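*Asks:* For reference, this is final_0.pdb, and it has PDB, C-alpha atoms.
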```
ATOM      1  CA  MET A  27      92.768 104.609  85.675  1.00  0.00           C
ATOM      2  CA  PRO A  28      96.349 105.892  85.307  1.00  0.00           C
ATOM      3  CA  GLY A  29      97.921 102.435  85.043  1.00  0.00           C
ATOM      4  CA  ARG A  30      95.947 101.617  81.876  1.00  0.00           C
ATOM      5  CA  LEU A  31      96.914 104.731  79.909  1.00  0.00           C
ATOM      6  CA  PRO A  32     100.287 106.014  78.581  1.00  0.00           C
ATOM      7  CA  TRP A  33      99.811 109.319  80.446  1.00  0.00           C
ATOM      8  CA  CYS A  34      98.372 110.938  83.564  1.00  0.00           C
ATOM      9  CA  ARG A  35      95.143 112.895  83.190  1.00  0.00           C
ATOM     10  CA  MET A  36      93.894 115.560  85.588  1.00  0.00           C
ATOM     11  CA  TYR A  37      90.145 116.142  85.808  1.00  0.00           C
ATOM     12  CA  THR A  38      87.884 118.685  87.468  1.00  0.00           C
ATOM     13  CA  LEU A  39      85.210 117.460  89.864  1.00  0.00           C
ATOM     14  CA  ALA A  40      82.746 117.937  87.006  1.00  0.00           C
ATOM     15  CA  GLY A  41      84.654 115.371  84.937  1.00  0.00           C
ATOM     16  CA  GLU A  42      86.353 117.805  82.560  1.00  0.00           C
ATOM     17  CA  CYS A  43      89.884 116.787  81.501  1.00  0.00           C
ATOM     18  CA  LEU A  44      92.241 119.662  82.304  1.00  0.00           C
ATOM     19  CA  VAL A  45      95.550 118.296  81.052  1.00  0.00           C
ATOM     20  CA  GLN A  46      97.449 115.139  80.057  1.00  0.00           C
ATOM     21  CA  LEU A  47     100.922 114.843  81.508  1.00  0.00           C
ATOM     22  CA  GLY A  48     103.855 112.477  81.375  1.00  0.00           C
ATOM     23  CA  ASP A  49     105.196 110.017  78.888  1.00  0.00           C
ATOM     24  CA  GLY A  50     105.936 106.323  79.102  1.00  0.00           C
ATOM     25  CA  PHE A  51     103.484 104.024  80.876  1.00  0.00           C
ATOM     26  CA  PRO A  52     102.689 104.981  84.499  1.00  0.00           C
ATOM     27  CA  ARG A  53     101.175 102.104  86.477  1.00  0.00           C
ATOM     28  CA  SER A  54     100.009 104.314  89.350  1.00  0.00           C
ATOM     29  CA  VAL A  55     100.023 107.895  90.598  1.00  0.00           C
ATOM     30  CA  VAL A  56     100.664 108.706  94.273  1.00  0.00           C
ATOM     31  CA  ALA A  57      99.772 112.130  95.671  1.00  0.00           C
ATOM     32  CA  SER A  58     102.024 113.922  98.168  1.00  0.00           C
ATOM     33  CA  PRO A  59     100.587 114.741 101.633  1.00  0.00           C
ATOM     34  CA  SER A  60      99.694 118.284 100.489  1.00  0.00           C
ATOM     35  CA  THR A  61      98.476 116.980  97.081  1.00  0.00           C
ATOM     36  CA  ALA A  62     100.606 119.695  95.426  1.00  0.00           C
ATOM     37  CA  LEU A  63     102.796 117.020  93.791  1.00  0.00           C
ATOM     38  CA  LEU A  64     102.036 113.706  92.148  1.00  0.00           C
ATOM     39  CA  ALA A  65     104.478 110.835  91.727  1.00  0.00           C
ATOM     40  CA  ALA A  66     103.808 108.952  88.494  1.00  0.00           C
ATOM     41  CA  CYS A  67     105.313 105.476  88.887  1.00  0.00           C
ATOM     42  CA  GLY A  68     106.165 103.945  85.538  1.00  0.00           C
ATOM     43  CA  ILE A  69     106.107 100.351  84.388  1.00  0.00           C
ATOM     44  CA  ASP A  70     109.336 101.254  82.543  1.00  0.00           C
ATOM     45  CA  GLY A  71     111.068 102.324  85.793  1.00  0.00           C
ATOM     46  CA  GLN A  72     110.669 106.063  85.222  1.00  0.00           C
ATOM     47  CA  LEU A  73     109.538 108.185  88.171  1.00  0.00           C
ATOM     48  CA  GLN A  74     108.005 111.509  87.157  1.00  0.00           C
ATOM     49  CA  LEU A  75     107.010 114.294  89.540  1.00  0.00           C
ATOM     50  CA  LEU A  76     103.999 116.237  88.349  1.00  0.00           C
ATOM     51  CA  SER A  77     102.854 119.573  89.751  1.00  0.00           C
ATOM     52  CA  ALA A  78      99.115 119.705  90.409  1.00  0.00           C
ATOM     53  CA  VAL A  79      99.431 123.500  90.626  1.00  0.00           C
ATOM     54  CA  SER A  80     101.339 124.338  87.427  1.00  0.00           C
ATOM     55  CA  GLN A  81     100.154 121.139  85.708  1.00  0.00           C
ATOM     56  CA  LYS A  82     103.673 120.460  84.447  1.00  0.00           C
ATOM     57  CA  ILE A  83     106.375 117.824  84.889  1.00  0.00           C
ATOM     58  CA  VAL A  84     108.899 119.186  87.422  1.00  0.00           C
ATOM     59  CA  ALA A  85     111.384 116.270  87.535  1.00  0.00           C
ATOM     60  CA  SER A  86     112.067 112.810  86.178  1.00  0.00           C
ATOM     61  CA  PHE A  87     114.172 110.073  87.809  1.00  0.00           C
ATOM     62  CA  ALA A  88     115.365 106.755  86.405  1.00  0.00           C
ATOM     63  CA  HIS A  89     115.892 103.573  88.398  1.00  0.00           C
ATOM     64  CA  ALA A  90     119.069 102.717  86.525  1.00  0.00           C
ATOM     65  CA  LEU A  91     121.490  99.805  86.741  1.00  0.00           C
ATOM     66  CA  ASP A  92     124.512 102.095  86.291  1.00  0.00           C
ATOM     67  CA  LEU A  93     124.900 104.380  89.324  1.00  0.00           C
ATOM     68  CA  SER A  94     128.411 105.575  88.513  1.00  0.00           C
ATOM     69  CA  GLU A  95     127.181 109.053  87.569  1.00  0.00           C
ATOM     70  CA  CYS A  96     125.329 109.618  90.838  1.00  0.00           C
ATOM     71  CA  ASP A  97     126.143 112.568  93.063  1.00  0.00           C
ATOM     72  CA  ASP A  98     129.083 112.074  95.456  1.00  0.00           C
ATOM     73  CA  GLU A  99     126.760 112.683  98.413  1.00  0.00           C
ATOM     74  CA  VAL A 100     124.679 109.587  97.698  1.00  0.00           C
ATOM     75  CA  PHE A 101     124.833 107.092 100.583  1.00  0.00           C
ATOM     76  CA  PHE A 102     124.920 103.430  99.588  1.00  0.00           C
ATOM     77  CA  TRP A 103     123.939 101.020 102.380  1.00  0.00           C
ATOM     78  CA  GLU A 104     124.081  97.230 102.296  1.00  0.00           C
ATOM     79  CA  GLU A 105     122.673  94.699 104.745  1.00  0.00           C
ATOM     80  CA  ASP A 106     125.562  92.893 106.422  1.00  0.00           C
ATOM     81  CA  PHE A 107     126.360  90.488 109.254  1.00  0.00           C
ATOM     82  CA  GLU A 108     128.863  91.596 111.889  1.00  0.00           C
ATOM     83  CA  MET A 109     129.714  89.459 114.927  1.00  0.00           C
ATOM     84  CA  ASN A 110     130.396  92.519 117.114  1.00  0.00           C
ATOM     85  CA  GLU A 111     126.979  94.072 116.417  1.00  0.00           C
ATOM     86  CA  PRO A 112     123.918  93.335 118.625  1.00  0.00           C
ATOM     87  CA  GLY A 113     122.148  90.444 116.943  1.00  0.00           C
ATOM     88  CA  GLY A 114     124.934  90.321 114.350  1.00  0.00           C
ATOM     89  CA  LEU A 115     123.041  92.690 112.028  1.00  0.00           C
ATOM     90  CA  ARG A 116     123.948  96.048 110.580  1.00  0.00           C
ATOM     91  CA  TYR A 117     123.817  98.312 107.565  1.00  0.00           C
ATOM     92  CA  ARG A 118     127.269  98.688 106.037  1.00  0.00           C
ATOM     93  CA  ARG A 119     127.989 101.874 104.137  1.00  0.00           C
ATOM     94  CA  LEU A 120     129.653 101.233 100.782  1.00  0.00           C
ATOM     95  CA  GLN A 121     132.345 103.574  99.509  1.00  0.00           C
ATOM     96  CA  ASP A 122     131.649 102.772  95.856  1.00  0.00           C
ATOM     97  CA  PHE A 123     128.370 102.436  94.044  1.00  0.00           C
ATOM     98  CA  PRO A 124     126.949  98.883  94.262  1.00  0.00           C
ATOM     99  CA  ARG A 125     126.513  96.611  91.267  1.00  0.00           C
ATOM    100  CA  LEU A 126     122.806  95.952  90.932  1.00  0.00           C
ATOM    101  CA  GLU A 127     121.496  92.763  89.394  1.00  0.00           C
ATOM    102  CA  GLU A 128     118.207  93.009  87.570  1.00  0.00           C
ATOM    103  CA  ARG A 129     115.791  90.195  88.417  1.00  0.00           C
ATOM    104  CA  ILE A 130     113.038  89.534  85.924  1.00  0.00           C
ATOM    105  CA  GLY A 131     110.384  87.371  87.533  1.00  0.00           C
ATOM    106  CA  PRO A 132     107.352  85.662  86.000  1.00  0.00           C
ATOM    107  CA  ASP A 133     104.726  87.933  84.474  1.00  0.00           C
ATOM    108  CA  THR A 134     102.047  88.454  87.109  1.00  0.00           C
ATOM    109  CA  LEU A 135      99.165  90.905  87.409  1.00  0.00           C
ATOM    110  CA  ASP A 136      98.164  92.969  90.416  1.00  0.00           C
ATOM    111  CA  ALA A 137      94.604  93.443  91.696  1.00  0.00           C
ATOM    112  CA  ASP A 138      93.915  96.024  88.949  1.00  0.00           C
ATOM    113  CA  GLY A 139      95.116  93.724  86.169  1.00  0.00           C
ATOM    114  CA  ILE A 140      98.325  95.718  85.636  1.00  0.00           C
ATOM    115  CA  PRO A 141     101.616  93.822  85.072  1.00  0.00           C
ATOM    116  CA  ARG A 142     103.633  93.710  88.296  1.00  0.00           C
ATOM    117  CA  GLN A 143     106.570  95.503  86.727  1.00  0.00           C
ATOM    118  CA  GLY A 144     108.393  98.782  87.229  1.00  0.00           C
ATOM    119  CA  ILE A 145     107.789 100.965  90.286  1.00  0.00           C
ATOM    120  CA  THR A 146     105.204  99.315  92.514  1.00  0.00           C
ATOM    121  CA  VAL A 147     105.761 101.279  95.748  1.00  0.00           C
ATOM    122  CA  ALA A 148     106.164 105.032  96.331  1.00  0.00           C
ATOM    123  CA  GLN A 149     105.997 106.520  99.838  1.00  0.00           C
ATOM    124  CA  TRP A 150     106.247 110.262 100.578  1.00  0.00           C
ATOM    125  CA  SER A 151     107.865 111.553 103.765  1.00  0.00           C
ATOM    126  CA  PRO A 152     105.429 113.726 105.766  1.00  0.00           C
ATOM    127  CA  ASP A 153     107.189 116.987 104.788  1.00  0.00           C
ATOM    128  CA  GLU A 154     107.548 115.882 101.131  1.00  0.00           C
ATOM    129  CA  ARG A 155     111.338 116.212 101.358  1.00  0.00           C
ATOM    130  CA  TYR A 156     111.939 112.531 100.514  1.00  0.00           C
ATOM    131  CA  LEU A 157     110.291 109.900  98.370  1.00  0.00           C
ATOM    132  CA  ALA A 158     111.029 106.196  98.874  1.00  0.00           C
ATOM    133  CA  THR A 159     110.404 103.815  95.979  1.00  0.00           C
ATOM    134  CA  LYS A 160     110.666 100.122  95.114  1.00  0.00           C
ATOM    135  CA  HIS A 161     111.263  98.738  91.616  1.00  0.00           C
ATOM    136  CA  GLU A 162     110.123  95.164  90.910  1.00  0.00           C
ATOM    137  CA  SER A 163     113.289  94.396  88.905  1.00  0.00           C
ATOM    138  CA  PHE A 164     115.280  95.128  92.100  1.00  0.00           C
ATOM    139  CA  PRO A 165     112.918  93.710  94.765  1.00  0.00           C
ATOM    140  CA  SER A 166     115.422  93.886  97.638  1.00  0.00           C
ATOM    141  CA  VAL A 167     116.406  97.537  97.034  1.00  0.00           C
ATOM    142  CA  VAL A 168     114.867 100.774  98.357  1.00  0.00           C
ATOM    143  CA  TRP A 169     115.580 104.001  96.488  1.00  0.00           C
ATOM    144  CA  ILE A 170     115.319 107.248  98.488  1.00  0.00           C
ATOM    145  CA  TRP A 171     115.085 110.497  96.517  1.00  0.00           C
ATOM    146  CA  ASP A 172     115.886 113.917  97.985  1.00  0.00           C
ATOM    147  CA  LEU A 173     113.271 116.202  96.435  1.00  0.00           C
ATOM    148  CA  GLY A 174     114.898 119.317  97.898  1.00  0.00           C
ATOM    149  CA  LYS A 175     117.999 118.699  95.782  1.00  0.00           C
ATOM    150  CA  MET A 176     116.247 116.583  93.128  1.00  0.00           C
ATOM    151  CA  VAL A 177     118.825 113.783  93.444  1.00  0.00           C
ATOM    152  CA  LEU A 178     119.111 110.213  94.691  1.00  0.00           C
ATOM    153  CA  ALA A 179     119.927 110.470  98.407  1.00  0.00           C
ATOM    154  CA  SER A 180     120.382 106.820  99.427  1.00  0.00           C
ATOM    155  CA  LEU A 181     120.222 103.318  98.054  1.00  0.00           C
ATOM    156  CA  LEU A 182     119.448 100.553 100.548  1.00  0.00           C
ATOM    157  CA  CYS A 183     120.356  97.001  99.462  1.00  0.00           C
ATOM    158  CA  HIS A 184     118.970  94.017 101.384  1.00  0.00           C
ATOM    159  CA  ASN A 185     119.391  90.251 101.300  1.00  0.00           C
ATOM    160  CA  SER A 186     115.720  89.529 100.647  1.00  0.00           C
ATOM    161  CA  ARG A 187     112.622  91.088  99.121  1.00  0.00           C
ATOM    162  CA  VAL A 188     111.349  94.346 100.644  1.00  0.00           C
ATOM    163  CA  LYS A 189     107.826  93.898 102.010  1.00  0.00           C
ATOM    164  CA  SER A 190     106.778  97.188 103.593  1.00  0.00           C
ATOM    165  CA  LEU A 191     107.865 100.828 103.991  1.00  0.00           C
ATOM    166  CA  VAL A 192     106.555 103.479 106.364  1.00  0.00           C
ATOM    167  CA  TRP A 193     107.712 106.999 107.268  1.00  0.00           C
ATOM    168  CA  ASP A 194     107.699 108.403 110.780  1.00  0.00           C
ATOM    169  CA  PRO A 195     104.773 110.889 110.638  1.00  0.00           C
ATOM    170  CA  MET A 196     106.393 113.234 113.191  1.00  0.00           C
ATOM    171  CA  ALA A 197     109.982 113.220 111.900  1.00  0.00           C
ATOM    172  CA  THR A 198     110.848 115.767 109.203  1.00  0.00           C
ATOM    173  CA  GLY A 199     113.934 117.315 107.615  1.00  0.00           C
ATOM    174  CA  ASP A 200     117.177 115.960 109.075  1.00  0.00           C
ATOM    175  CA  ARG A 201     115.101 113.911 111.540  1.00  0.00           C
ATOM    176  CA  SER A 202     113.255 112.040 108.773  1.00  0.00           C
ATOM    177  CA  ARG A 203     113.005 108.334 109.525  1.00  0.00           C
ATOM    178  CA  LEU A 204     111.936 105.407 107.341  1.00  0.00           C
ATOM    179  CA  ALA A 205     111.141 101.907 108.657  1.00  0.00           C
ATOM    180  CA  ILE A 206     111.572  98.936 106.312  1.00  0.00           C
ATOM    181  CA  SER A 207     110.644  95.259 106.605  1.00  0.00           C
ATOM    182  CA  THR A 208     111.825  92.432 104.368  1.00  0.00           C
ATOM    183  CA  ALA A 209     111.214  88.677 104.072  1.00  0.00           C
ATOM    184  CA  ASP A 210     113.788  88.186 106.860  1.00  0.00           C
ATOM    185  CA  PRO A 211     113.158  88.782 110.602  1.00  0.00           C
ATOM    186  CA  VAL A 212     114.950  92.127 110.542  1.00  0.00           C
ATOM    187  CA  LEU A 213     113.721  95.702 111.010  1.00  0.00           C
ATOM    188  CA  PHE A 214     115.622  98.408 109.149  1.00  0.00           C
ATOM    189  CA  LEU A 215     115.626 102.107 110.045  1.00  0.00           C
ATOM    190  CA  TRP A 216     116.962 104.831 107.752  1.00  0.00           C
ATOM    191  CA  SER A 217     117.603 108.519 108.342  1.00  0.00           C
ATOM    192  CA  PRO A 218     119.519 110.998 106.121  1.00  0.00           C
ATOM    193  CA  GLN A 219     122.859 110.453 107.904  1.00  0.00           C
ATOM    194  CA  HIS A 220     122.427 107.056 109.515  1.00  0.00           C
ATOM    195  CA  ALA A 221     120.966 103.587 108.928  1.00  0.00           C
ATOM    196  CA  GLU A 222     120.656 100.567 111.196  1.00  0.00           C
ATOM    197  CA  ALA A 223     119.399  96.977 111.184  1.00  0.00           C
ATOM    198  CA  LEU A 224     117.703  95.464 114.217  1.00  0.00           C
ATOM    199  CA  PRO A 225     116.634  91.872 114.988  1.00  0.00           C
ATOM    200  CA  CYS A 226     112.870  91.447 114.800  1.00  0.00           C
ATOM    201  CA  ALA A 227     110.409  88.793 115.974  1.00  0.00           C
ATOM    202  CA  LEU A 228     108.489  88.785 112.668  1.00  0.00           C
ATOM    203  CA  SER A 229     109.397  88.538 108.994  1.00  0.00           C
ATOM    204  CA  ALA A 230     107.566  89.866 105.921  1.00  0.00           C
ATOM    205  CA  ALA A 231     105.595  92.115 108.249  1.00  0.00           C
ATOM    206  CA  ARG A 232     103.322  94.981 107.295  1.00  0.00           C
ATOM    207  CA  LEU A 233     104.418  98.133 109.132  1.00  0.00           C
ATOM    208  CA  ARG A 234     102.279 100.850 110.708  1.00  0.00           C
ATOM    209  CA  LEU A 235     103.562 103.713 112.866  1.00  0.00           C
ATOM    210  CA  ARG A 236     101.573 105.374 115.625  1.00  0.00           C
ATOM    211  CA  SER A 237     100.582 108.971 114.912  1.00  0.00           C
ATOM    212  CA  ASP A 238     103.279 110.313 117.249  1.00  0.00           C
ATOM    213  CA  GLY A 239     105.947 108.096 115.665  1.00  0.00           C
ATOM    214  CA  ARG A 240     107.005 106.468 118.953  1.00  0.00           C
ATOM    215  CA  SER A 241     105.556 102.988 118.447  1.00  0.00           C
ATOM    216  CA  LEU A 242     105.664 100.666 115.459  1.00  0.00           C
ATOM    217  CA  LEU A 243     103.170  97.880 114.762  1.00  0.00           C
ATOM    218  CA  LEU A 244     104.394  94.851 112.797  1.00  0.00           C
ATOM    219  CA  GLN A 245     101.668  92.596 111.383  1.00  0.00           C
ATOM    220  CA  GLU A 246     101.819  89.149 109.832  1.00  0.00           C
ATOM    221  CA  ARG A 247      98.792  87.187 108.686  1.00  0.00           C
ATOM    222  CA  ASP A 248      98.083  85.547 112.039  1.00  0.00           C
ATOM    223  CA  ARG A 249     100.185  87.458 114.582  1.00  0.00           C
ATOM    224  CA  CYS A 250     101.556  90.896 115.363  1.00  0.00           C
ATOM    225  CA  CYS A 251     103.881  92.718 117.719  1.00  0.00           C
ATOM    226  CA  ALA A 252     104.665  96.308 118.675  1.00  0.00           C
ATOM    227  CA  CYS A 253     107.981  97.949 119.402  1.00  0.00           C
ATOM    228  CA  ARG A 254     108.846 101.319 120.860  1.00  0.00           C
ATOM    229  CA  LEU A 255     111.072 103.502 118.693  1.00  0.00           C
ATOM    230  CA  GLY A 256     111.308 106.721 120.684  1.00  0.00           C
ATOM    231  CA  ILE A 257     111.754 110.165 119.187  1.00  0.00           C
ATOM    232  CA  ALA A 258     113.904 110.498 116.084  1.00  0.00           C
ATOM    233  CA  ALA A 259     117.196 112.182 117.004  1.00  0.00           C
ATOM    234  CA  LEU A 260     118.959 114.971 115.136  1.00  0.00           C
ATOM    235  CA  PRO A 261     122.151 113.956 113.305  1.00  0.00           C
ATOM    236  CA  ARG A 262     125.406 114.675 115.054  1.00  0.00           C
ATOM    237  CA  LYS A 263     127.117 117.877 114.030  1.00  0.00           C
ATOM    238  CA  LYS A 264     130.484 117.541 112.353  1.00  0.00           C
ATOM    239  CA  LYS A 265     133.358 119.007 114.325  1.00  0.00           C
TER
END
```
Would you mind writing the structure in this file as structure tokens?
*Replies:*
Amino acid sequence: MPGRLPWCRMYTLAGECLVQLGDGFPRSVVASPSTALLAACGIDGQLQLLSAVSQKIVASFAHALDLSECDDEVFFWEEDFEMNEPGGLRYRRLQDFPRLEERIGPDTLDADGIPRQGITVAQWSPDERYLATKHESFPSVVWIWDLGKMVLASLLCHNSRVKSLVWDPMATGDRSRLAISTADPVLFLWSPQHAEALPCALSAARLRLRSDGRSLLLQERDRCCACRLGIAALPRKKK
């Protein structure tokens, strides 16, 4: 079990250990849709990409407090309230990098007996261009990594804890679309050049997208609802 060892091991179907990869303490390993890449999610906040083909580490990313050295093309978005927006909700793009506050909660264990620390969520986009992660020390923040450029693409800051993430299975490249739910009755949608916040009937909902990406199911413990998203649009071309 990768979360109980200070490395990631790859085995053959016969049970033979091929290689040990990574350093630090990965709590889980998430395979990409093609299984060519593995995302090792560390308790220490390190995200390592491992190649199942070359059996080597291809990249390493840190969920750091100091974002001042990030690429200029990183988009920082913050949940905001605006009277002129429908429902009063919106994502506001920040010109400067945000100041993150680390929140250290009580020590709890997950279902596997692993401390609920570090990177607990990692979701691949269907074309493996993007990887969305959540770090327990920053429970209201979603980190989106551009694996084509090997950089942080966007940082999404919310007012409450992030509950669920899901990628549109039919939207790829510049049309990529990520749906996010938090503890508030708000639905957030992110794409590479745009982000929006929409009022929602449910809070802390689990999200599931239909196979064609046009409908989204939101589930709470005792109720659910569905909303129609439509086809993800291409970003507007700059004049």
*Asks:* Give me the result of the PyMOL selection byres ((chain A and resi 159) around 8) on this file, residue by residue, as an MDAnalysis selection string.
*Replies:* chainID A and resid 145:149 157:158 160:161 168:170
*Asks:* Can you list, as a ChimeraX atom specification, every protein, DNA or RNA residue that comes within 8 Å of segment 66-79 of chain A when you count all atoms listed in the file, leaving out same-chain residues fewer than 5 positions away?
*Replies:* /A:34,47-48,50-56,61,84-89,141,143-146,148,161
*Asks:* Choose the residue, out of A:Leu213, A:Ala230, A:Met196, A:Cys253, that has the smallest atom-to-atom separation from Arg116 of chain A; count only C-alpha atoms.
*Replies:*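 Closest candidate: A:Leu213.
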*Asks:* What does the structure give for the distance between atom CA of Val192 of chain A and atom CA of Phe123 of chain A, in Å to one decimal?
*Replies:*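 Here the two named atoms are 25.1 Å from each other.
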*Asks:* Can you work out the spacing between atom CA of Asp106 of chain A and atom CA of Pro218 of chain A in Å, to one decimal?
*Replies:*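 Interatomic distance, atom CA of Asp106 of chain A to atom CA of Pro218 of chain A: 19.1 Å.
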*Asks:* Please provide the set of residues having any atom within 12 Å of Arg249 of chain A, restricted to only C-alpha atoms, with same-chain residues fewer than 6 positions apart removed, written as a PyMOL selection string.
*Replies:* chain A and resi 227-232+243
*Asks:* Report as a CSV table (one decimal) with C-alpha atoms, in the coordinates of the input the residues that result from applying the PyMOL selection byres ((chain A and resi 225) around 6) to the structure here.
*Replies:*
```csv
chain,number,residue,atom,x,y,z
A,212,VAL,CA,115.0,92.1,110.5
A,224,LEU,CA,117.7,95.5,114.2
A,226,CYS,CA,112.9,91.4,114.8
```
*Asks:* Excluding Asp194 of chain A and residues on its chain fewer than 4 positions from it, collect all residues at most 12 Å away from it, counting all atoms listed in the file, and give them as number ranges by chain.
*Replies:* A: 149-153, 156, 198-199, 201-206, 215-217, 233-242, 255-259
*Asks:* Mind pulling up the distance from atom CA of Lys189 of chain A to atom CA of Arg155 of chain A?
*Replies:*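 Spanning atom CA of Arg155 of chain A to atom CA of Lys189 of chain A is a straight-line distance of 22.6 Å.
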*Asks:* Evaluate the PyMOL selection byres ((chain A and resi 180) around 6) against this structure - the residues, as a list in words, please.
*Replies:*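 This file gives the following for the PyMOL selection byres ((chain A and resi 180) around 6): Val100, Phe101, Phe102, Ile170, Leu178, Ala179 and Leu181 of chain A.
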*Asks:* Counting all atoms listed in the file, which of A:Ala40, A:Val188, A:Ile83, A:Ala223 gets nearest to Thr208 of chain A?
*Replies:*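 Closest to Thr208 of chain A, using all atoms listed in the file: A:Val188.
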